[in-house]
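What follows is the content of final34.pdb (PDB, C-alpha atoms).
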```pdb
ATOM      1  CA  ALA A   1      73.196-105.689-155.885  1.00  0.00           C
ATOM      2  CA  VAL A   2      72.864-108.510-158.425  1.00  0.00           C
ATOM      3  CA  PHE A   3      69.541-107.046-159.607  1.00  0.00           C
ATOM      4  CA  VAL A   4      71.156-103.642-160.140  1.00  0.00           C
ATOM      5  CA  PHE A   5      74.267-104.954-161.894  1.00  0.00           C
ATOM      6  CA  LYS A   6      72.299-107.101-164.326  1.00  0.00           C
ATOM      7  CA  ARG A   7      70.264-104.086-165.430  1.00  0.00           C
ATOM      8  CA  ALA A   8      72.885-101.355-165.202  1.00  0.00           C
ATOM      9  CA  ARG A   9      74.202 -99.494-168.187  1.00  0.00           C
ATOM     10  CA  VAL A  10      77.895-100.006-167.595  1.00  0.00           C
ATOM     11  CA  ILE A  11      80.591 -97.561-168.669  1.00  0.00           C
ATOM     12  CA  GLY A  12      83.838 -99.343-169.447  1.00  0.00           C
ATOM     13  CA  VAL A  13      86.875 -98.251-167.470  1.00  0.00           C
ATOM     14  CA  TYR A  14      90.180 -98.464-169.309  1.00  0.00           C
ATOM     15  CA  ARG A  15      93.592 -98.028-167.780  1.00  0.00           C
ATOM     16  CA  ASP A  16      95.354 -96.932-170.961  1.00  0.00           C
ATOM     17  CA  PHE A  17      94.864 -94.167-173.547  1.00  0.00           C
ATOM     18  CA  ARG A  18      91.202 -95.217-173.869  1.00  0.00           C
ATOM     19  CA  ILE A  19      90.484 -93.681-170.448  1.00  0.00           C
ATOM     20  CA  LEU A  20      89.326 -90.615-172.406  1.00  0.00           C
ATOM     21  CA  ASN A  21      86.452 -92.746-173.728  1.00  0.00           C
ATOM     22  CA  THR A  22      85.483 -93.538-170.151  1.00  0.00           C
ATOM     23  CA  TYR A  23      85.490 -89.852-169.219  1.00  0.00           C
ATOM     24  CA  LYS A  24      83.548 -88.832-172.342  1.00  0.00           C
ATOM     25  CA  SER A  25      80.909 -91.538-171.781  1.00  0.00           C
ATOM     26  CA  THR A  26      80.579 -90.521-168.145  1.00  0.00           C
ATOM     27  CA  VAL A  27      80.161 -86.833-168.986  1.00  0.00           C
ATOM     28  CA  LYS A  28      77.650 -87.643-171.739  1.00  0.00           C
ATOM     29  CA  ASN A  29      75.548 -89.728-169.344  1.00  0.00           C
ATOM     30  CA  LEU A  30      75.695 -87.036-166.669  1.00  0.00           C
ATOM     31  CA  GLN A  31      74.593 -84.396-169.172  1.00  0.00           C
ATOM     32  CA  GLU A  32      71.646 -86.625-170.098  1.00  0.00           C
ATOM     33  CA  GLY A  33      70.573 -86.596-166.455  1.00  0.00           C
ATOM     34  CA  SER A  34      71.882 -90.004-165.404  1.00  0.00           C
ATOM     35  CA  SER A  35      73.478 -90.653-162.057  1.00  0.00           C
ATOM     36  CA  ILE A  36      76.772 -92.522-162.127  1.00  0.00           C
ATOM     37  CA  THR A  37      77.840 -95.047-159.505  1.00  0.00           C
ATOM     38  CA  ILE A  38      81.596 -95.456-159.169  1.00  0.00           C
ATOM     39  CA  PHE A  39      83.243 -98.319-157.311  1.00  0.00           C
ATOM     40  CA  PRO A  40      86.779 -96.972-156.854  1.00  0.00           C
ATOM     41  CA  GLU A  41      88.146 -99.586-154.455  1.00  0.00           C
ATOM     42  CA  SER A  42      91.539-101.156-155.012  1.00  0.00           C
ATOM     43  CA  ARG A  43      92.800-104.396-153.467  1.00  0.00           C
ATOM     44  CA  GLU A  44      94.625-102.658-150.596  1.00  0.00           C
ATOM     45  CA  LYS A  45      92.769-102.788-147.258  1.00  0.00           C
ATOM     46  CA  TYR A  46      91.600 -99.519-145.663  1.00  0.00           C
ATOM     47  CA  ASN A  47      89.426-100.770-142.787  1.00  0.00           C
ATOM     48  CA  LEU A  48      86.839-103.458-142.006  1.00  0.00           C
ATOM     49  CA  PHE A  49      84.336-101.916-144.421  1.00  0.00           C
ATOM     50  CA  LEU A  50      86.460-100.595-147.283  1.00  0.00           C
ATOM     51  CA  ASN A  51      89.565-101.029-149.318  1.00  0.00           C
ATOM     52  CA  GLU A  52      91.678 -98.053-150.344  1.00  0.00           C
ATOM     53  CA  PHE A  53      90.376 -96.065-153.303  1.00  0.00           C
ATOM     54  CA  GLN A  54      92.048 -95.737-156.658  1.00  0.00           C
ATOM     55  CA  LYS A  55      92.601 -92.031-157.094  1.00  0.00           C
ATOM     56  CA  ASN A  56      91.933 -91.401-160.769  1.00  0.00           C
ATOM     57  CA  PHE A  57      88.147 -91.623-160.591  1.00  0.00           C
ATOM     58  CA  VAL A  58      88.103 -88.002-159.420  1.00  0.00           C
ATOM     59  CA  ASP A  59      89.724 -86.922-162.705  1.00  0.00           C
ATOM     60  CA  VAL A  60      86.315 -87.025-164.386  1.00  0.00           C
ATOM     61  CA  CYS A  61      85.673 -83.696-162.593  1.00  0.00           C
ATOM     62  CA  ARG A  62      88.048 -81.878-164.928  1.00  0.00           C
ATOM     63  CA  VAL A  63      86.424 -83.258-168.079  1.00  0.00           C
ATOM     64  CA  TYR A  64      82.927 -82.595-166.757  1.00  0.00           C
ATOM     65  CA  GLN A  65      83.736 -79.051-165.714  1.00  0.00           C
ATOM     66  CA  LYS A  66      85.411 -78.282-169.033  1.00  0.00           C
ATOM     67  CA  SER A  67      82.304 -79.464-170.908  1.00  0.00           C
ATOM     68  CA  THR A  68      79.590 -78.046-168.652  1.00  0.00           C
ATOM     69  CA  LYS A  69      81.192 -75.327-166.495  1.00  0.00           C
ATOM     70  CA  LYS A  70      79.617 -77.140-163.515  1.00  0.00           C
ATOM     71  CA  SER A  71      81.117 -78.985-160.556  1.00  0.00           C
ATOM     72  CA  LEU A  72      80.451 -82.644-159.829  1.00  0.00           C
ATOM     73  CA  THR A  73      78.839 -83.814-156.626  1.00  0.00           C
ATOM     74  CA  PHE A  74      79.926 -87.060-154.965  1.00  0.00           C
ATOM     75  CA  THR A  75      77.487 -88.874-152.679  1.00  0.00           C
ATOM     76  CA  PRO A  76      78.842 -91.623-150.403  1.00  0.00           C
ATOM     77  CA  MET A  77      76.892 -94.888-150.433  1.00  0.00           C
ATOM     78  CA  TYR A  78      77.138 -98.104-148.431  1.00  0.00           C
ATOM     79  CA  ILE A  79      75.427-101.364-149.317  1.00  0.00           C
ATOM     80  CA  ALA A  80      74.696-104.088-146.759  1.00  0.00           C
ATOM     81  CA  PRO A  81      72.931-106.759-148.827  1.00  0.00           C
ATOM     82  CA  ARG A  82      72.386-109.294-146.047  1.00  0.00           C
ATOM     83  CA  ILE A  83      70.265-106.774-144.129  1.00  0.00           C
ATOM     84  CA  LYS A  84      68.792-105.438-147.390  1.00  0.00           C
ATOM     85  CA  THR A  85      70.064-101.914-146.842  1.00  0.00           C
ATOM     86  CA  VAL A  86      71.457 -99.207-149.083  1.00  0.00           C
ATOM     87  CA  ILE A  87      72.336 -96.020-147.226  1.00  0.00           C
ATOM     88  CA  PHE A  88      73.468 -92.650-148.600  1.00  0.00           C
ATOM     89  CA  GLY A  89      75.550 -90.025-146.859  1.00  0.00           C
ATOM     90  CA  LYS A  90      75.837 -86.286-147.230  1.00  0.00           C
ATOM     91  CA  PRO A  91      77.091 -85.230-150.693  1.00  0.00           C
ATOM     92  CA  THR A  92      80.214 -83.161-151.237  1.00  0.00           C
ATOM     93  CA  VAL A  93      80.980 -80.958-154.225  1.00  0.00           C
ATOM     94  CA  PHE A  94      84.299 -80.858-156.044  1.00  0.00           C
ATOM     95  CA  ASN A  95      85.653 -77.310-155.682  1.00  0.00           C
ATOM     96  CA  SER A  96      87.745 -76.392-158.720  1.00  0.00           C
ATOM     97  CA  GLU A  97      89.004 -73.230-157.032  1.00  0.00           C
ATOM     98  CA  ASN A  98      91.134 -75.332-154.677  1.00  0.00           C
ATOM     99  CA  ASP A  99      94.453 -76.887-155.655  1.00  0.00           C
ATOM    100  CA  TYR A 100      93.488 -79.862-157.839  1.00  0.00           C
ATOM    101  CA  ASN A 101      95.582 -82.493-156.035  1.00  0.00           C
ATOM    102  CA  GLU A 102      94.502 -81.286-152.599  1.00  0.00           C
ATOM    103  CA  GLU A 103      90.854 -81.300-153.653  1.00  0.00           C
ATOM    104  CA  LYS A 104      91.217 -84.776-155.117  1.00  0.00           C
ATOM    105  CA  GLU A 105      92.637 -86.041-151.808  1.00  0.00           C
ATOM    106  CA  ARG A 106      89.896 -84.229-149.870  1.00  0.00           C
ATOM    107  CA  ILE A 107      87.164 -85.909-151.929  1.00  0.00           C
ATOM    108  CA  ILE A 108      88.720 -89.358-151.505  1.00  0.00           C
ATOM    109  CA  LYS A 109      89.233 -88.952-147.750  1.00  0.00           C
ATOM    110  CA  TYR A 110      85.722 -87.571-147.302  1.00  0.00           C
ATOM    111  CA  LEU A 111      84.132 -90.483-149.171  1.00  0.00           C
ATOM    112  CA  LYS A 112      86.103 -93.134-147.282  1.00  0.00           C
ATOM    113  CA  ASP A 113      85.363 -91.518-143.909  1.00  0.00           C
ATOM    114  CA  GLU A 114      81.654 -91.054-144.670  1.00  0.00           C
ATOM    115  CA  ILE A 115      81.179 -94.576-146.017  1.00  0.00           C
ATOM    116  CA  THR A 116      82.846 -95.923-142.878  1.00  0.00           C
ATOM    117  CA  LEU A 117      80.475 -93.869-140.693  1.00  0.00           C
ATOM    118  CA  LEU A 118      77.488 -95.089-142.708  1.00  0.00           C
ATOM    119  CA  ALA A 119      78.572 -98.712-142.243  1.00  0.00           C
ATOM    120  CA  LYS A 120      79.106 -98.219-138.517  1.00  0.00           C
ATOM    121  CA  SER A 121      75.666 -96.629-138.162  1.00  0.00           C
ATOM    122  CA  LEU A 122      73.934 -99.858-139.203  1.00  0.00           C
ATOM    123  CA  PRO A 123      73.084-102.796-136.963  1.00  0.00           C
ATOM    124  CA  VAL A 124      75.622-105.611-136.829  1.00  0.00           C
ATOM    125  CA  HIS A 125      75.830-107.077-140.314  1.00  0.00           C
ATOM    126  CA  THR A 126      78.032-109.206-142.512  1.00  0.00           C
ATOM    127  CA  VAL A 127      80.460-107.049-144.428  1.00  0.00           C
ATOM    128  CA  LEU A 128      80.827-108.148-148.021  1.00  0.00           C
ATOM    129  CA  PRO A 129      84.376-107.265-149.017  1.00  0.00           C
ATOM    130  CA  TYR A 130      85.357-105.801-152.358  1.00  0.00           C
ATOM    131  CA  ASP A 131      87.756-108.687-152.875  1.00  0.00           C
ATOM    132  CA  ASN A 132      86.114-111.839-154.107  1.00  0.00           C
ATOM    133  CA  ILE A 133      86.848-114.089-151.135  1.00  0.00           C
ATOM    134  CA  PRO A 134      84.996-117.151-149.824  1.00  0.00           C
ATOM    135  CA  ARG A 135      81.973-116.470-147.643  1.00  0.00           C
ATOM    136  CA  LYS A 136      83.546-118.170-144.617  1.00  0.00           C
ATOM    137  CA  TYR A 137      86.074-115.275-144.471  1.00  0.00           C
ATOM    138  CA  HIS A 138      83.443-112.500-144.452  1.00  0.00           C
ATOM    139  CA  LYS A 139      83.512-110.536-141.214  1.00  0.00           C
ATOM    140  CA  LYS A 140      80.762-109.092-139.053  1.00  0.00           C
ATOM    141  CA  SER A 141      80.588-105.373-138.361  1.00  0.00           C
ATOM    142  CA  LYS A 142      80.889-104.364-134.722  1.00  0.00           C
TER     143      LYS A 142
END
```
Written as structure tokens, that's how I'd like the structure from this file.
Amino acid sequence: AVFVFKRARVIGVYRDFRILNTYKSTVKNLQEGSSITIFPESREKYNLFLNEFQKNFVDVCRVYQKSTKKSLTFTPMYIAPRIKTVIFGKPTVFNSENDYNEEKERIIKYLKDEITLLAKSLPVHTVLPYDNIPRKYHKKSK
């Protein structure tokens, strides 16, 4: 993960009126053929493997669709650095024909459920939490 983060082209995420810059940069990069990795976790616990997700990351779908007339695909990913594993799940596509809020919740639930299944599918490993906590508090998967 450190290797990736040191070399990643990072898109700033703002929580004020500048959020439009985040969306525009994301759409621009997607149109140029880049893949975008989003880490939407908040500080609230969801399960052993994940924290709850912030919900606004899905809003980029509206901006992307308005610009391209295409739907975004979200692919769940789980990283287990201590066993040197990155695993991807089955992608899901944002469906703009559904009610926006219901579709947003569906995407979030799907990603959390799939990432949890991916984590559980691996051998026992140390789970590195989103929160920056001391190593002695890291838990093992079961």
Q: To verify the selection step, state as JSON, numbers by chain which residues the PyMOL selection byres ((chain A and resi 118-130) around 8) yields on this input.
A: {"A": [41, 43, 48, 49, 50, 51, 77, 78, 80, 82, 83, 87, 88, 89, 114, 115, 116, 117, 131, 132, 133, 138, 139, 140, 141, 142]}
Using all atoms listed in the file, what table do you get, as a tab-separated table, when you list each residue of segment 72-109 of chain A with an atom no more than 10 Å from segment 15-38 of chain A, its nearest pair of atoms, and their distance in Å rounded to one decimal, rows by chain then rising number?
```
residue	atom	partner	partner_atom	distance
A:Leu72	CA	A:Leu30	CA	9.4
A:Phe74	CA	A:Thr37	CA	9.4
A:Thr75	CA	A:Thr37	CA	9.2
A:Pro76	CA	A:Thr37	CA	9.8
A:Met77	CA	A:Thr37	CA	9.1
```
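Distances from A:Lys90, A:Ser96, A:Asp113, A:Pro81 to Tyr64 of chain A were compared using only C-alpha atoms, and the smallest one belongs to A:Ser96.
Straight-line separation from atom CA of Glu105 of chain A to atom CA of Pro40 of chain A: 13.4 Å.
Taking atom CA of Gln65 of chain A as the reference point, atom CA of Glu103 of chain A is found at 14.2 Å.
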Q.
Just to confirm, what's the straight-line distance from atom CA of Ile108 of chain A to atom CA of Ala8 of chain A in Å (one decimal)?
A. 24.1 Å
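Contact shell of Glu52 of chain A at 6 Å (all atoms listed in the file; same-chain neighbours under 2 positions omitted): Glu41, Ser42, Glu44, Lys45 and Tyr46 of chain A.
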Q: Just the residues within 10 Å of Tyr100 of chain A, please, counting all atoms listed in the file, with nothing from its chain fewer than 6 positions along; format it as a PyMOL selection string.
A: chain A and resi 58-59+61-62+94+106
Enclose all atoms of segment 67-75 of chain A listed in the file in an axis-aligned box, grow every side by 4 Å, and hand back centre and edge lengths in Å to one decimal, as AutoDock Vina command-line options.
```
--center_x 79.9 --center_y -82.1 --center_z -161.8 --size_x 12.8 --size_y 21.5 --size_z 26.2
```
Q | Minimum-distance residue to Lys109 of chain A, chosen among A:Lys70, A:Phe53, A:Gly12, A:Val93 (using only C-alpha atoms) | A | A:Phe53
